[in-house]
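S.K.: Next up is a structure, given as structure tokens.
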Amino acid sequence: MTRISMAGAGGLLLDAADGAFSDQTQRRIWSAARHVAKHPCVTHAVPGVNNLLVMFDVTVTDPVAVEDLLRETWAQAPDDPVPSREITVPVTYGGTAGEDLAAVAQFAGLTEAETVAAHVQATYSVAAIGAMPGFVYLTGLDPRLAMPRRASPRLKVEQGSVIIGGGHAGIMPCTAPSGWHILGHTSLSLFDPFRAEPCLFRLGDTIRFVRA
């Protein structure tokens with residue numbers, strides 16, 4: 001059941017999640033975001049994981065009208081695939097580069113080598129980009145590795161850290177606090193404001209991790 005709720009004075013959140021993550025629903029989220037963003041009353045349309053945040057200027061736009069627009073857009077949104085690239089991410093696992101590898105292995109009932117193999121063998125998709133510039137929420141994580149996030153987030157997780165949290169994988173685009181678990185490190189730069197395309201990844205890209 002799709003739910004739409006206010007997200008502050010000038011935002012609406014469409015929540016289409018229904019249990020486990022759905023690739024089909026995510027494709028509809030991307031499609032709805034592209035279409036609703038073209039409307040002159042919408043300032044931003046931000047895809048999340050099976051949800052969509054739509055921002056507007058509440059001083060000139062009636063929230064009810066935006067909700068009607070969002071419902072109509074969602075009802076017609078197709079689940080068409082988006083153009084996708086396959087990008088390989090080299091990772092140094094364990095040791096000082098991946099201080100939580102042993103804890104994740106223990107949680108999963110695997111050896112550290114088996115945990116790395118499970119992480120490498122999965123095929124990931126960029127479902128959403130946000131939280132910080134260039135940060136990607138990756139779906140496709142082996143469910144055995146779906147360890148709940150830390151109760152107390154670390155105040156400093158290094159740029160390039162390859163991380164997992166709950167049912168998602170990710171990579172830190174900058175050094176920042178995080179409650180996700182660190183498996184390894186990559187030298188790839190996920191965000192550079194001086195590049196023609198600042199974010200390394202796009203929505204729908206396929207990501208494969210390999211041992212560095």
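Convention: chains lettered A, B, ... in structure tokens order; per-chain residue numbering from 1; ligands numbered from 1 as shown.
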Write out as a PyMOL selection string which residues come within 9 Å of range 39-45 of chain A when counting only C-alpha atoms, dropping same-chain ones fewer than 2 positions away.
M.R.: chain A and resi 32-37+47+52-57+60-61+66+69
S.K.: Run DSSP on the backbone and give me the residues of range 103-134 of chain A it puts in strand (DSSP E or B), as a ChimeraX atom specification.
M.R.: /A:124-129
S.K.: Please produce a file of the residues just selected, as a PDB file, in the first residue's frame, where the atoms kept are N, CA, C and O atoms.
M.R.:
```pdb
ATOM      1  N   TYR A 124      25.682  -6.005  -7.238  1.00  0.00           N
ATOM      2  CA  TYR A 124      25.011  -4.900  -6.556  1.00  0.00           C
ATOM      3  C   TYR A 124      24.437  -3.909  -7.563  1.00  0.00           C
ATOM      4  O   TYR A 124      24.956  -3.757  -8.674  1.00  0.00           O
ATOM      5  N   SER A 125      23.388  -3.211  -7.133  1.00  0.00           N
ATOM      6  CA  SER A 125      22.780  -2.175  -7.962  1.00  0.00           C
ATOM      7  C   SER A 125      22.651  -0.893  -7.151  1.00  0.00           C
ATOM      8  O   SER A 125      22.331  -0.931  -5.957  1.00  0.00           O
ATOM      9  N   VAL A 126      22.915   0.235  -7.800  1.00  0.00           N
ATOM     10  CA  VAL A 126      22.778   1.533  -7.139  1.00  0.00           C
ATOM     11  C   VAL A 126      21.298   1.890  -7.087  1.00  0.00           C
ATOM     12  O   VAL A 126      20.697   2.262  -8.090  1.00  0.00           O
ATOM     13  N   ALA A 127      20.707   1.756  -5.896  1.00  0.00           N
ATOM     14  CA  ALA A 127      19.278   2.034  -5.734  1.00  0.00           C
ATOM     15  C   ALA A 127      19.006   3.505  -5.484  1.00  0.00           C
ATOM     16  O   ALA A 127      18.006   4.059  -5.945  1.00  0.00           O
ATOM     17  N   ALA A 128      19.887   4.156  -4.725  1.00  0.00           N
ATOM     18  CA  ALA A 128      19.681   5.552  -4.368  1.00  0.00           C
ATOM     19  C   ALA A 128      21.029   6.195  -4.078  1.00  0.00           C
ATOM     20  O   ALA A 128      22.000   5.513  -3.733  1.00  0.00           O
ATOM     21  N   ILE A 129      21.084   7.520  -4.238  1.00  0.00           N
ATOM     22  CA  ILE A 129      22.281   8.300  -3.947  1.00  0.00           C
ATOM     23  C   ILE A 129      21.874   9.409  -2.994  1.00  0.00           C
ATOM     24  O   ILE A 129      20.957  10.180  -3.285  1.00  0.00           O
TER      25      ILE A 129
END
```
S.K.: Write out as an MDAnalysis selection string which residues come within 8 Å of range 200-206 of chain A when counting only C-alpha atoms, dropping same-chain ones fewer than 2 positions away.
M.R.: chainID A and resid 81:87 123:129 134 136 189:191 197:198 208
S.K.: Within 12 Å of Glu114 in chain A, counting only C-alpha atoms, which residues show up once you throw out same-chain ones fewer than 2 positions away? Write them as a list in words, please.
M.R.: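 Close residues of Glu114 in chain A: Tyr93, Leu101, Ala102, Val104, Ala105, Gln106, Ala108, Gly109, Leu110, Thr111, Glu112, Val116, Ala117, Ala118, His119, Val120, Gln121, Asp142, Arg144 and Leu145 of chain A.
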S.K.: Those same residues, written as a PDB file, in the first residue's frame with N, CA and C atoms?
M.R.:
```pdb
ATOM      1  N   TYR A  93      40.515  -6.039   1.711  1.00  0.00           N
ATOM      2  CA  TYR A  93      39.633  -6.513   2.787  1.00  0.00           C
ATOM      3  C   TYR A  93      40.419  -6.778   4.070  1.00  0.00           C
ATOM      4  N   LEU A 101      35.520  -6.923   9.719  1.00  0.00           N
ATOM      5  CA  LEU A 101      35.374  -8.166   8.963  1.00  0.00           C
ATOM      6  C   LEU A 101      35.179  -9.358   9.888  1.00  0.00           C
ATOM      7  N   ALA A 102      35.958  -9.432  10.967  1.00  0.00           N
ATOM      8  CA  ALA A 102      35.853 -10.573  11.879  1.00  0.00           C
ATOM      9  C   ALA A 102      34.480 -10.603  12.554  1.00  0.00           C
ATOM     10  N   VAL A 104      31.627  -9.335  11.429  1.00  0.00           N
ATOM     11  CA  VAL A 104      30.607  -9.700  10.443  1.00  0.00           C
ATOM     12  C   VAL A 104      30.665 -11.201  10.165  1.00  0.00           C
ATOM     13  N   ALA A 105      31.866 -11.750  10.062  1.00  0.00           N
ATOM     14  CA  ALA A 105      32.017 -13.188   9.835  1.00  0.00           C
ATOM     15  C   ALA A 105      31.403 -13.983  10.979  1.00  0.00           C
ATOM     16  N   GLN A 106      31.658 -13.544  12.200  1.00  0.00           N
ATOM     17  CA  GLN A 106      31.087 -14.230  13.357  1.00  0.00           C
ATOM     18  C   GLN A 106      29.566 -14.157  13.334  1.00  0.00           C
ATOM     19  N   ALA A 108      27.661 -13.884  10.729  1.00  0.00           N
ATOM     20  CA  ALA A 108      27.142 -14.691   9.616  1.00  0.00           C
ATOM     21  C   ALA A 108      27.417 -16.182   9.785  1.00  0.00           C
ATOM     22  N   GLY A 109      28.239 -16.558  10.768  1.00  0.00           N
ATOM     23  CA  GLY A 109      28.607 -17.953  10.929  1.00  0.00           C
ATOM     24  C   GLY A 109      29.532 -18.436   9.837  1.00  0.00           C
ATOM     25  N   LEU A 110      30.401 -17.536   9.358  1.00  0.00           N
ATOM     26  CA  LEU A 110      31.322 -17.845   8.273  1.00  0.00           C
ATOM     27  C   LEU A 110      32.749 -17.552   8.718  1.00  0.00           C
ATOM     28  N   THR A 111      33.709 -18.053   7.972  1.00  0.00           N
ATOM     29  CA  THR A 111      35.087 -17.619   8.175  1.00  0.00           C
ATOM     30  C   THR A 111      35.250 -16.249   7.511  1.00  0.00           C
ATOM     31  N   GLU A 112      36.358 -15.602   7.810  1.00  0.00           N
ATOM     32  CA  GLU A 112      36.599 -14.307   7.173  1.00  0.00           C
ATOM     33  C   GLU A 112      36.736 -14.466   5.659  1.00  0.00           C
ATOM     34  N   VAL A 116      34.357 -12.614   2.829  1.00  0.00           N
ATOM     35  CA  VAL A 116      34.848 -11.848   1.688  1.00  0.00           C
ATOM     36  C   VAL A 116      34.307 -12.436   0.384  1.00  0.00           C
ATOM     37  N   ALA A 117      34.310 -13.756   0.284  1.00  0.00           N
ATOM     38  CA  ALA A 117      33.793 -14.407  -0.932  1.00  0.00           C
ATOM     39  C   ALA A 117      32.327 -14.071  -1.149  1.00  0.00           C
ATOM     40  N   ALA A 118      31.534 -14.052  -0.072  1.00  0.00           N
ATOM     41  CA  ALA A 118      30.109 -13.729  -0.184  1.00  0.00           C
ATOM     42  C   ALA A 118      29.920 -12.289  -0.637  1.00  0.00           C
ATOM     43  N   HIS A 119      30.768 -11.406  -0.145  1.00  0.00           N
ATOM     44  CA  HIS A 119      30.671  -9.995  -0.535  1.00  0.00           C
ATOM     45  C   HIS A 119      31.078  -9.795  -1.990  1.00  0.00           C
ATOM     46  N   VAL A 120      32.100 -10.510  -2.421  1.00  0.00           N
ATOM     47  CA  VAL A 120      32.611 -10.371  -3.780  1.00  0.00           C
ATOM     48  C   VAL A 120      31.676 -11.010  -4.808  1.00  0.00           C
ATOM     49  N   GLN A 121      31.069 -12.128  -4.453  1.00  0.00           N
ATOM     50  CA  GLN A 121      30.271 -12.875  -5.427  1.00  0.00           C
ATOM     51  C   GLN A 121      28.926 -12.223  -5.736  1.00  0.00           C
ATOM     52  N   ASP A 142      24.433 -10.243   0.018  1.00  0.00           N
ATOM     53  CA  ASP A 142      24.113 -11.597   0.476  1.00  0.00           C
ATOM     54  C   ASP A 142      23.391 -11.491   1.822  1.00  0.00           C
ATOM     55  N   ARG A 144      23.078 -13.307   4.266  1.00  0.00           N
ATOM     56  CA  ARG A 144      23.825 -13.792   5.425  1.00  0.00           C
ATOM     57  C   ARG A 144      24.648 -12.678   6.065  1.00  0.00           C
ATOM     58  N   LEU A 145      24.963 -11.649   5.289  1.00  0.00           N
ATOM     59  CA  LEU A 145      25.794 -10.553   5.780  1.00  0.00           C
ATOM     60  C   LEU A 145      24.967  -9.359   6.255  1.00  0.00           C
TER      61      LEU A 145
END
```
S.K.: Go through A:Pro177, A:Pro193, A:Gly19, A:Gly98 and flag the residue nearest Arg154 in chain A, using only C-alpha atoms for the distances.
M.R.: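 Of the candidates, the smallest distance to Arg154 in chain A is held by A:Pro177.
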S.K.: A:Gly10, A:Gly165, A:Gly160, A:Pro90: which is nearest Glu67 in chain A, counting only C-alpha atoms?
M.R.: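 The shortest atom-to-atom distance to Glu67 in chain A comes from A:Gly10.
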S.K.: Counting only C-alpha atoms, what is within 7 Å of Ser178 in chain A, bar same-chain residues fewer than 5 positions away, as a ChimeraX atom specification?
M.R.: /A:153-155,157
S.K.: Check range 5-111 of chain A with DSSP on the backbone and list each residue it calls helix (DSSP H, G or I), as a ChimeraX atom specification.
M.R.: /A:23-36,63-76,95-97,101-108
